[in-house]
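File shown: work06.txt. Contents: compact mmCIF, C-alpha atoms and all ligand atoms.
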# COMPACT_ATOMS: atom_id res chain seq x y z
CA MET A 1 84.48 179.45 70.14
CA GLU A 2 87.19 177.50 71.93
CA LEU A 3 86.80 174.20 73.79
CA SER A 4 88.39 173.87 77.19
CA THR A 5 88.66 170.50 78.84
CA ILE A 6 87.93 170.56 82.54
CA ALA A 7 87.64 167.59 84.86
CA GLY A 8 87.05 165.28 81.95
CA GLN A 9 84.22 167.42 80.58
CA SER A 10 84.52 169.80 77.68
CA ILE A 11 82.37 172.86 78.11
CA PRO A 12 82.78 175.39 75.30
CA THR A 13 83.85 178.83 76.45
CA PHE A 14 83.60 182.32 75.04
CA PRO A 15 86.01 185.20 75.71
CA LEU A 16 83.67 187.64 77.38
CA SER A 17 85.94 190.63 77.82
CA SER A 18 89.50 191.84 77.52
CA THR A 19 89.62 192.37 81.29
CA ASP A 20 88.98 188.70 82.09
CA GLU A 21 91.48 186.03 81.18
CA LYS A 22 88.91 183.43 82.18
CA ALA A 23 86.54 182.92 79.24
CA ILE A 24 82.93 182.26 80.22
CA PRO A 25 81.90 178.57 80.13
CA LEU A 26 78.72 178.47 78.04
CA LEU A 27 76.91 176.25 80.53
CA GLY A 28 76.52 177.57 84.06
CA PHE A 29 75.24 176.05 87.29
CA GLY A 30 72.22 177.93 88.69
CA THR A 31 72.07 178.24 92.47
CA THR A 32 68.61 179.60 93.07
CA GLU A 33 65.71 177.55 94.31
CA TYR A 34 62.21 178.17 95.54
CA PRO A 35 61.79 179.30 98.26
CA PHE A 36 65.21 181.00 98.37
CA GLY A 37 67.58 179.16 100.70
CA ALA A 38 65.33 176.07 101.05
CA SER A 39 68.32 173.71 101.00
CA ILE A 40 70.92 176.11 102.36
CA HIS A 41 72.32 173.43 104.71
CA THR A 42 73.14 170.99 101.90
CA LEU A 43 73.98 173.51 99.20
CA LYS A 44 77.72 173.59 99.90
CA GLU A 45 77.94 169.82 99.35
CA THR A 46 75.77 170.06 96.21
CA ILE A 47 78.04 172.73 94.73
CA LEU A 48 81.12 170.71 95.64
CA GLU A 49 79.56 167.79 93.76
CA ALA A 50 78.96 170.10 90.80
CA ILE A 51 82.65 171.09 90.80
CA LYS A 52 83.59 167.39 90.90
CA LEU A 53 81.33 166.75 87.90
CA GLY A 54 83.02 169.51 85.91
CA TYR A 55 80.90 172.65 86.33
CA ARG A 56 83.15 175.70 86.43
CA HIS A 57 80.63 178.52 86.02
CA PHE A 58 78.32 179.37 88.94
CA ASP A 59 75.45 181.83 88.97
CA THR A 60 74.42 183.33 92.31
CA ALA A 61 72.79 186.54 93.56
CA ALA A 62 72.60 188.46 96.82
CA ILE A 63 68.89 187.58 97.13
CA TYR A 64 69.36 183.80 96.61
CA LEU A 65 71.14 183.16 99.95
CA SER A 66 73.51 180.94 97.96
CA GLU A 67 76.58 183.21 97.98
CA GLN A 68 77.86 181.93 101.33
CA PRO A 69 77.48 178.18 100.55
CA LEU A 70 79.08 178.81 97.15
CA GLY A 71 82.02 180.55 98.84
CA GLU A 72 82.40 177.65 101.29
CA ALA A 73 82.28 175.14 98.44
CA ILE A 74 85.00 177.06 96.59
CA SER A 75 87.22 177.07 99.71
CA ASP A 76 86.66 173.32 100.14
CA ALA A 77 87.34 172.64 96.44
CA LEU A 78 90.68 174.44 96.75
CA ARG A 79 91.55 172.63 99.97
CA LEU A 80 90.64 169.25 98.45
CA GLY A 81 92.62 170.01 95.28
CA LEU A 82 89.54 169.77 93.02
CA ILE A 83 90.73 173.05 91.53
CA LYS A 84 94.21 174.52 91.75
CA SER A 85 93.15 178.13 91.83
CA ARG A 86 90.03 180.29 92.10
CA ASP A 87 90.90 181.55 88.61
CA GLU A 88 89.62 178.25 87.19
CA LEU A 89 86.09 179.31 88.10
CA PHE A 90 83.71 181.81 86.55
CA ILE A 91 81.56 183.38 89.28
CA THR A 92 78.58 185.67 88.65
CA SER A 93 76.53 187.48 91.27
CA LYS A 94 73.81 190.10 91.10
CA LEU A 95 72.92 193.40 92.68
CA TRP A 96 69.56 193.11 94.43
CA CYS A 97 66.98 195.86 93.81
CA SER A 98 67.30 197.42 97.29
CA ASP A 99 70.95 198.14 96.44
CA ALA A 100 70.15 199.48 92.96
CA HIS A 101 71.03 203.06 94.00
CA HIS A 102 74.34 204.70 93.04
CA ASP A 103 75.89 204.82 96.53
CA PHE A 104 74.77 201.32 97.51
CA VAL A 105 76.30 199.44 94.58
CA LEU A 106 79.92 199.27 95.75
CA PRO A 107 79.05 198.33 99.37
CA ALA A 108 76.69 195.64 98.00
CA LEU A 109 79.45 194.17 95.83
CA LYS A 110 81.87 194.23 98.78
CA LYS A 111 79.29 192.34 100.89
CA THR A 112 78.83 189.81 98.07
CA LEU A 113 82.61 189.29 97.88
CA GLN A 114 82.73 188.88 101.65
CA ASN A 115 79.96 186.24 101.47
CA LEU A 116 81.84 184.44 98.72
CA LYS A 117 85.24 184.91 100.39
CA LEU A 118 86.55 186.07 97.01
CA GLU A 119 88.65 189.02 95.91
CA TYR A 120 86.81 189.48 92.64
CA LEU A 121 83.76 188.39 90.65
CA ASN A 122 83.96 187.47 86.99
CA LEU A 123 80.59 189.08 86.33
CA PHE A 124 78.35 191.41 88.33
CA LEU A 125 74.82 192.02 87.06
CA ILE A 126 72.01 194.45 87.85
CA HIS A 127 69.41 191.80 88.78
CA TRP A 128 66.31 193.73 87.62
CA PRO A 129 65.73 197.18 86.08
CA LEU A 130 64.10 198.14 89.35
CA SER A 131 64.91 199.78 92.68
CA LEU A 132 63.49 199.03 96.10
CA LYS A 133 63.86 201.17 99.23
CA PRO A 134 67.43 200.76 100.51
CA GLY A 135 67.99 198.39 103.41
CA LYS A 136 64.88 196.28 102.72
CA TYR A 137 65.76 192.66 101.98
CA GLU A 138 62.40 191.02 102.68
CA PHE A 139 61.27 188.64 99.98
CA PRO A 140 58.65 188.77 98.59
CA PHE A 141 58.90 192.55 98.82
CA GLN A 142 56.08 195.04 99.35
CA LYS A 143 54.74 197.08 96.45
CA GLU A 144 55.16 200.27 98.53
CA ASP A 145 58.92 199.60 98.63
CA ILE A 146 59.22 199.98 94.83
CA VAL A 147 60.89 203.32 94.00
CA PRO A 148 62.10 204.95 90.73
CA PHE A 149 65.09 203.27 89.05
CA ASP A 150 67.86 205.51 87.68
CA PRO A 151 69.75 203.39 85.12
CA LYS A 152 72.45 206.02 84.43
CA SER A 153 73.71 206.49 87.97
CA VAL A 154 73.40 202.80 88.86
CA TRP A 155 75.37 201.84 85.75
CA GLU A 156 78.06 204.44 86.59
CA ALA A 157 78.48 202.74 89.96
CA MET A 158 78.72 199.34 88.23
CA GLU A 159 81.48 200.80 86.01
CA GLU A 160 83.32 202.00 89.12
CA CYS A 161 83.17 198.44 90.48
CA GLN A 162 84.84 197.13 87.32
CA GLY A 163 87.36 199.98 87.40
CA LEU A 164 88.36 198.96 90.94
CA GLY A 165 88.98 195.39 89.74
CA LEU A 166 86.33 193.96 92.06
CA THR A 167 84.58 192.43 89.08
CA LYS A 168 86.07 191.56 85.71
CA SER A 169 82.88 192.30 83.76
CA ILE A 170 79.53 193.96 84.36
CA GLY A 171 76.13 193.37 82.86
CA VAL A 172 72.39 193.40 83.39
CA SER A 173 69.51 190.98 83.79
CA ASN A 174 65.87 191.18 82.75
CA PHE A 175 66.50 194.17 80.46
CA SER A 176 64.45 194.76 77.28
CA CYS A 177 66.08 196.12 74.08
CA LYS A 178 64.81 199.59 75.01
CA LYS A 179 66.30 199.45 78.50
CA LEU A 180 69.59 198.22 77.04
CA GLU A 181 69.53 201.18 74.62
CA THR A 182 69.15 203.51 77.60
CA ILE A 183 72.21 202.01 79.30
CA LEU A 184 74.22 202.02 76.05
CA SER A 185 73.41 205.69 75.41
CA THR A 186 75.56 206.83 78.37
CA ALA A 187 77.74 203.81 79.20
CA LYS A 188 81.54 204.06 79.15
CA ILE A 189 81.64 200.28 79.52
CA PRO A 190 78.83 198.53 77.62
CA PRO A 191 77.07 195.64 79.39
CA ALA A 192 78.88 192.35 78.59
CA VAL A 193 75.79 190.24 79.32
CA ASN A 194 72.00 190.37 79.51
CA GLN A 195 70.65 187.45 81.57
CA VAL A 196 67.02 186.75 80.71
CA GLU A 197 64.39 184.03 80.70
CA MET A 198 64.90 181.91 77.60
CA ASN A 199 63.69 178.46 76.64
CA PRO A 200 61.85 176.87 73.69
CA LEU A 201 58.59 178.49 74.86
CA TRP A 202 60.10 181.96 75.30
CA GLN A 203 62.79 182.21 72.67
CA GLN A 204 63.65 185.93 72.85
CA LYS A 205 64.29 186.18 69.10
CA LYS A 206 64.13 190.00 68.96
CA LEU A 207 66.25 190.54 72.06
CA ARG A 208 68.86 188.00 70.89
CA LYS A 209 69.21 189.72 67.52
CA PHE A 210 69.61 193.09 69.25
CA CYS A 211 72.20 191.73 71.70
CA GLU A 212 74.16 190.06 68.91
CA GLU A 213 74.34 193.36 67.02
CA LYS A 214 75.57 195.16 70.15
CA GLY A 215 78.07 192.45 71.18
CA ILE A 216 76.15 191.57 74.34
CA LEU A 217 76.14 187.89 75.32
CA VAL A 218 72.70 186.54 76.22
CA GLU A 219 72.50 184.21 79.20
CA ALA A 220 69.41 181.98 79.28
CA TYR A 221 67.87 181.56 82.71
CA SER A 222 65.07 179.06 83.40
CA PRO A 223 66.13 177.10 80.27
CA LEU A 224 63.88 174.24 81.41
CA GLY A 225 61.02 176.54 82.40
CA ALA A 226 61.84 176.49 86.16
CA LYS A 227 59.12 173.99 86.99
CA GLY A 228 58.05 174.15 90.63
CA THR A 229 59.24 177.70 91.34
CA ALA A 230 57.24 180.91 91.82
CA TRP A 231 58.70 182.23 88.55
CA GLY A 232 58.35 179.08 86.44
CA THR A 233 55.79 176.72 84.98
CA ASN A 234 55.67 173.06 83.93
CA ARG A 235 54.83 174.06 80.33
CA VAL A 236 58.34 173.46 78.95
CA MET A 237 58.79 170.05 80.60
CA GLU A 238 55.35 168.99 79.38
CA CYS A 239 55.64 170.27 75.81
CA GLU A 240 54.64 167.47 73.39
CA VAL A 241 56.91 168.64 70.56
CA LEU A 242 59.92 168.61 72.89
CA LYS A 243 58.90 165.19 74.23
CA GLU A 244 58.80 163.83 70.66
CA ILE A 245 62.24 165.26 69.82
CA ALA A 246 63.70 163.88 73.05
CA HIS A 247 62.21 160.45 72.33
CA ALA A 248 63.56 160.42 68.75
CA LYS A 249 67.06 161.37 69.93
CA GLY A 250 67.17 159.10 72.96
CA LYS A 251 67.88 162.17 75.12
CA SER A 252 65.95 163.72 77.95
CA LEU A 253 63.68 166.70 77.33
CA ALA A 254 65.98 168.77 79.56
CA GLN A 255 68.98 167.88 77.38
CA VAL A 256 67.05 168.90 74.26
CA CYS A 257 66.29 172.30 75.82
CA LEU A 258 69.92 172.84 76.85
CA ARG A 259 71.31 171.67 73.50
CA TRP A 260 68.84 173.94 71.70
CA ALA A 261 69.95 176.93 73.82
CA HIS A 262 73.59 176.08 73.11
CA GLU A 263 72.97 175.88 69.37
CA GLN A 264 71.31 179.31 69.54
CA GLY A 265 74.68 180.73 70.65
CA VAL A 266 73.72 181.72 74.19
CA CYS A 267 75.08 180.74 77.58
CA ALA A 268 72.59 178.48 79.40
CA LEU A 269 72.25 178.52 83.19
CA VAL A 270 70.60 175.43 84.59
CA LYS A 271 69.77 174.50 88.14
CA SER A 272 69.63 170.96 89.45
CA PHE A 273 70.57 169.91 92.95
CA ASN A 274 70.19 166.23 92.01
CA LYS A 275 73.45 164.44 91.14
CA GLU A 276 72.08 162.38 88.23
CA ARG A 277 70.35 165.38 86.66
CA MET A 278 73.43 167.55 87.24
CA LYS A 279 75.42 164.97 85.27
CA GLN A 280 72.78 164.65 82.58
CA ASN A 281 72.66 168.43 82.07
CA LEU A 282 76.40 168.49 81.31
CA ASP A 283 76.02 165.92 78.56
CA ILE A 284 74.91 168.23 75.77
CA PHE A 285 78.11 168.92 73.83
CA TYR A 286 78.81 165.71 71.89
CA TRP A 287 75.62 165.42 69.87
CA LYS A 288 73.52 167.77 67.77
CA LEU A 289 69.91 168.47 66.94
CA THR A 290 69.13 167.53 63.35
CA ALA A 291 68.09 170.34 61.00
CA ASP A 292 64.32 169.84 61.27
CA GLU A 293 64.39 169.84 65.10
CA PRO A 294 65.40 173.48 65.69
CA HIS A 295 62.88 174.32 62.96
CA LYS A 296 60.08 172.54 64.86
CA ILE A 297 61.17 174.30 68.05
CA SER A 298 61.20 177.68 66.32
CA GLN A 299 57.52 177.17 65.42
CA LEU A 300 56.37 176.61 69.03
CA PRO A 301 53.78 179.10 70.31
CA GLN A 302 55.44 181.57 72.66
CA CYS A 303 54.38 182.22 76.24
CA LYS A 304 56.53 183.97 78.84
CA GLY A 305 56.80 181.94 82.05
CA PHE A 306 57.53 184.89 84.35
CA PRO A 307 55.78 188.12 83.31
CA GLY A 308 57.00 189.81 86.53
CA ALA A 309 53.72 190.85 88.16
CA ALA A 310 55.60 191.28 91.46
CA PHE A 311 57.49 194.20 89.94
CA LEU A 312 54.42 196.23 88.99
CA SER A 313 53.09 199.07 91.09
CA ASP A 314 50.29 201.62 90.62
CA ASP A 315 52.86 204.33 91.38
CA GLY A 316 55.30 203.06 88.76
CA PRO A 317 57.88 202.92 87.38
CA TYR A 318 56.08 199.95 85.77
CA LYS A 319 52.30 199.87 85.97
CA SER A 320 51.91 196.99 83.51
CA VAL A 321 53.94 194.09 82.12
CA GLU A 322 54.06 195.97 78.80
CA GLU A 323 55.91 198.82 80.56
CA LEU A 324 58.24 196.43 82.39
CA TRP A 325 59.23 194.67 79.16
CA ASP A 326 58.66 197.69 76.86
CA GLY A 327 56.06 195.79 74.86
CA GLU A 328 58.46 192.88 74.19
CA ILE A 329 56.01 190.37 75.67
N1 LIG B 1 68.35 186.75 86.59
C1 LIG B 1 67.19 186.28 87.00
O1 LIG B 1 66.24 187.02 87.27
C2 LIG B 1 67.02 184.82 87.16
C3 LIG B 1 68.13 184.00 87.14
N2 LIG B 1 68.02 182.65 87.30
C4 LIG B 1 69.25 181.82 87.27
O2 LIG B 1 69.13 180.78 86.30
C5 LIG B 1 69.26 179.51 86.92
C6 LIG B 1 68.43 178.44 86.21
O3 LIG B 1 67.07 178.79 86.13
P1 LIG B 1 65.91 178.22 87.08
O4 LIG B 1 64.90 179.29 87.20
O5 LIG B 1 66.49 177.66 88.32
O6 LIG B 1 65.22 177.09 86.22
P2 LIG B 1 65.61 175.79 85.36
O7 LIG B 1 64.92 175.96 84.06
O8 LIG B 1 67.07 175.55 85.40
O9 LIG B 1 64.82 174.66 86.11
C7 LIG B 1 65.15 174.16 87.36
C8 LIG B 1 64.16 173.05 87.71
O10 LIG B 1 64.30 171.98 86.77
C9 LIG B 1 64.63 170.76 87.45
N3 LIG B 1 65.62 170.07 86.61
C10 LIG B 1 66.92 170.39 86.39
N4 LIG B 1 67.50 169.53 85.54
C11 LIG B 1 66.56 168.62 85.20
C12 LIG B 1 66.55 167.49 84.36
N5 LIG B 1 67.64 167.09 83.71
N6 LIG B 1 65.38 166.76 84.25
C13 LIG B 1 64.28 167.16 84.92
N7 LIG B 1 64.21 168.24 85.73
C14 LIG B 1 65.35 168.96 85.88
C15 LIG B 1 65.19 171.18 88.79
O11 LIG B 1 64.91 170.22 89.77
P3 LIG B 1 66.08 169.38 90.56
O12 LIG B 1 66.94 170.37 91.28
O13 LIG B 1 65.28 168.52 91.47
O14 LIG B 1 66.81 168.59 89.51
C16 LIG B 1 64.42 172.47 89.06
O15 LIG B 1 63.15 172.17 89.61
C17 LIG B 1 68.85 179.79 88.35
O16 LIG B 1 69.22 178.78 89.25
C18 LIG B 1 69.50 181.14 88.61
O17 LIG B 1 70.88 180.96 88.87
C19 LIG B 1 66.77 182.08 87.41
C20 LIG B 1 65.63 182.85 87.45
C21 LIG B 1 65.67 184.29 87.33
O1 LIG B 2 59.15 187.51 92.18
C1 LIG B 2 60.25 187.53 91.84
C2 LIG B 2 61.01 186.37 91.38
O2 LIG B 2 60.99 185.34 92.29
C3 LIG B 2 62.41 186.79 91.08
O3 LIG B 2 62.96 187.48 92.14
C4 LIG B 2 63.29 185.66 90.67
O4 LIG B 2 62.89 185.19 89.43
C5 LIG B 2 64.69 186.11 90.60
O5 LIG B 2 64.81 187.07 89.61
C6 LIG B 2 65.71 185.05 90.41
O6 LIG B 2 66.74 185.42 89.91
O7 LIG B 2 65.52 183.91 90.80
Can the structure in the file be given as structure tokens, please?
Ligand SMILES: NC(=O)C1=CN([C@@H]2O[C@H](COP(=O)(O)OP(=O)(O)OC[C@H]3O[C@@H](n4cnc5c(N)ncnc54)[C@H](OP(=O)(O)O)[C@@H]3O)[C@@H](O)[C@H]2O)C=CC1
Ligand SMILES: O=C[C@H](O)[C@@H](O)[C@@H](O)[C@H](O)C(=O)O
Amino acid sequence: MELSTIAGQSIPTFPLSSTDEKAIPLLGFGTTEYPFGASIHTLKETILEAIKLGYRHFDTAAIYLSEQPLGEAISDALRLGLIKSRDELFITSKLWCSDAHHDFVLPALKKTLQNLKLEYLNLFLIHWPLSLKPGKYEFPFQKEDIVPFDPKSVWEAMEECQGLGLTKSIGVSNFSCKKLETILSTAKIPPAVNQVEMNPLWQQKKLRKFCEEKGILVEAYSPLGAKGTAWGTNRVMECEVLKEIAHAKGKSLAQVCLRWAHEQGVCALVKSFNKERMKQNLDIFYWKLTADEPHKISQLPQCKGFPGAAFLSDDGPYKSVEELWDGEI
């Protein structure tokens, strides 16, 4: 793992693929919020502030409504000289489920690039192993819009996107080991990343071991439990064991969660639109957890924050959370 110094901050990076000279910074800035787009009018300034603080990795998605403000912030950062070139940034976006059909993937990526005013993404992910009727972007979506998902043809289209140079790497999100196996069984380009919920209360031990064996980098979303969102809970931020560790270290509970994720060898994506917390979340690289602390964390009872009930339908493809996560819940 190499250390790259950016804007006074050192965020460790990892060389994700041979097609991307820009290694992935192992801490990324999340741009979703609940409800989606709630602070769309201030988001550009927030992201610009994040760039000033030293964030270089940004996670967006077509469904978040944050692609456009992120693109505007990047243009402003270049104009203001905060960065010399777009190549200094690592930008991820995601294919929404209504575009998870072979012929819709490339147009969706082109639209994403247009929103971002960029010529390429660093990473393009299938957001969920799920398809919705094409053209439907309402959120929350209707159960009757859920249609069968064909991983093989969607992945082929993702590979075409990488082949065209419109994204340097491709990957998936919210995929179980079994669903990754399905992709790997026909893939010409294996997924570089699986972005999943991961925090001290949902540690993903089995999935992480599988991904490590296959050379797939795990990205941890909701590393603080996403308190206050439809997909999160306050359980992580109110966990007594984490509070005790934070108190003993003189760090915040959020910093303990992010440091723990970092020490587990994953890339953590954290969202804060508050300047002080944005700063605090960056300060996780110059101290360590002591040996007994990860041990205490590893003993915490596990409880998934977002089982994904919205993605279930009586007509399938997933009728239960066990089917959605292939029993890994
Ligand atoms: N692929 C997928 O399906 C998903 C991907 N993601 C990605 O992962 C990113 C991060 O996950 P997310 O779900 O947003 O949840 P997080 O675990 O990052 O939690 C975000 C919440 O924590 C608060 N917070 C942030 N920092 C601190 C701190 N230091 N102290 C106290 N509270 C804090 C934020 O509030 P405030 O802003 O007020 O600081 C916000 O309410 C997303 O933004 C998105 O990019 C997320 C969910 C699903
Ligand atoms: O009901 C669905 C959820 O809100 C889901 O869409 C989000 O968790 C999303 O995956 C995200 O990336 O933020």
If you count only C-alpha atoms and all ligand atoms, which residues end up within 7 Å of ligand LIG 2 (chain B), as a PyMOL selection string? chain A and resi 32+64+127+140+230-231+308+310
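CA of Ile245 in chain A is positioned 15.0 Å from atom N5 of ligand LIG 1 (chain B).
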For chain A against ligand LIG 1 (chain B), with a cut-off of 6 Å and counting all atoms listed in the file, what is the closest atom pair and its distance in Å to one decimal for every residue that makes the cut, ordered by chain and number, as a tab-separated table?
residue	atom	partner	partner_atom	distance
A:Gly30	CA	B:LIG1	O16	3.2
A:Thr31	CA	B:LIG1	O16	4.3
A:Thr32	CA	B:LIG1	O16	4.0
A:Asp59	CA	B:LIG1	O17	4.7
A:Thr60	CA	B:LIG1	O17	5.5
A:His127	CA	B:LIG1	N1	5.6
A:Ser173	CA	B:LIG1	N1	5.2
A:Gln195	CA	B:LIG1	N1	5.6
A:Tyr221	CA	B:LIG1	O2	3.9
A:Ser222	CA	B:LIG1	O7	3.2
A:Pro223	CA	B:LIG1	O7	4.1
A:Leu224	CA	B:LIG1	O7	3.3
A:Gly225	CA	B:LIG1	O7	4.3
A:Ala226	CA	B:LIG1	O6	3.4
A:Lys227	CA	B:LIG1	O15	5.1
A:Gly228	CA	B:LIG1	O15	5.6
A:Ala254	CA	B:LIG1	N5	4.8
A:Leu269	CA	B:LIG1	C6	4.9
A:Val270	CA	B:LIG1	O8	3.6
A:Lys271	CA	B:LIG1	O8	4.0
A:Ser272	CA	B:LIG1	O12	3.3
A:Phe273	CA	B:LIG1	O12	4.0
A:Asn274	CA	B:LIG1	O14	4.8
A:Arg277	CA	B:LIG1	N5	4.4
A:Gln280	CA	B:LIG1	N5	5.8
A:Asn281	CA	B:LIG1	N5	5.4
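For Asp99 in chain A, the list of residues within 9 Å, based on all atoms listed in the file and with local chain neighbours fewer than 2 positions off taken out, reads Leu95, Trp96, Cys97, His101, His102, Asp103, Phe104, Val105, Pro107, Ala108, Ser131, Leu132, Lys133, Pro134, Gly135 and Lys136 of chain A.
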With distances taken over all atoms listed in the file, which residue among A:Val236, A:Val266, A:Met278, A:Leu289 lies nearest Lys304 in chain A?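 Closest candidate: A:Val236.
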Give me the residues within 7 Å of Pro200 in chain A as a PDB file with C-alpha atoms, in the coordinates of the input, counting only C-alpha atoms and dropping any in the same chain fewer than 2 places off.
ATOM      1  CA  TRP A 202      60.100 181.960  75.300  1.00  0.00           C
ATOM      2  CA  GLN A 203      62.790 182.210  72.670  1.00  0.00           C
ATOM      3  CA  CYS A 257      66.290 172.300  75.820  1.00  0.00           C
ATOM      4  CA  ILE A 297      61.170 174.300  68.050  1.00  0.00           C
TER       5      ILE A 297
END
Name the closest residue to Ser93 in chain A among the candidates A:Glu49, A:Ser169, A:Thr42, A:Asp76; distances are taken between atoms, counting all atoms listed in the file.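 The answer is A:Ser169, which sits nearest to Ser93 in chain A.
Comparing A:Leu253, A:Leu65, A:Cys267, A:Ile329 by their smallest distance to Ala23 in chain A, the closest is A:Cys267 (using all atoms listed in the file).
Among the candidates A:Leu53, A:Met198, A:Phe36, A:Gly232, the one nearest to Glu276 in chain A when counting all atoms listed in the file is A:Leu53.
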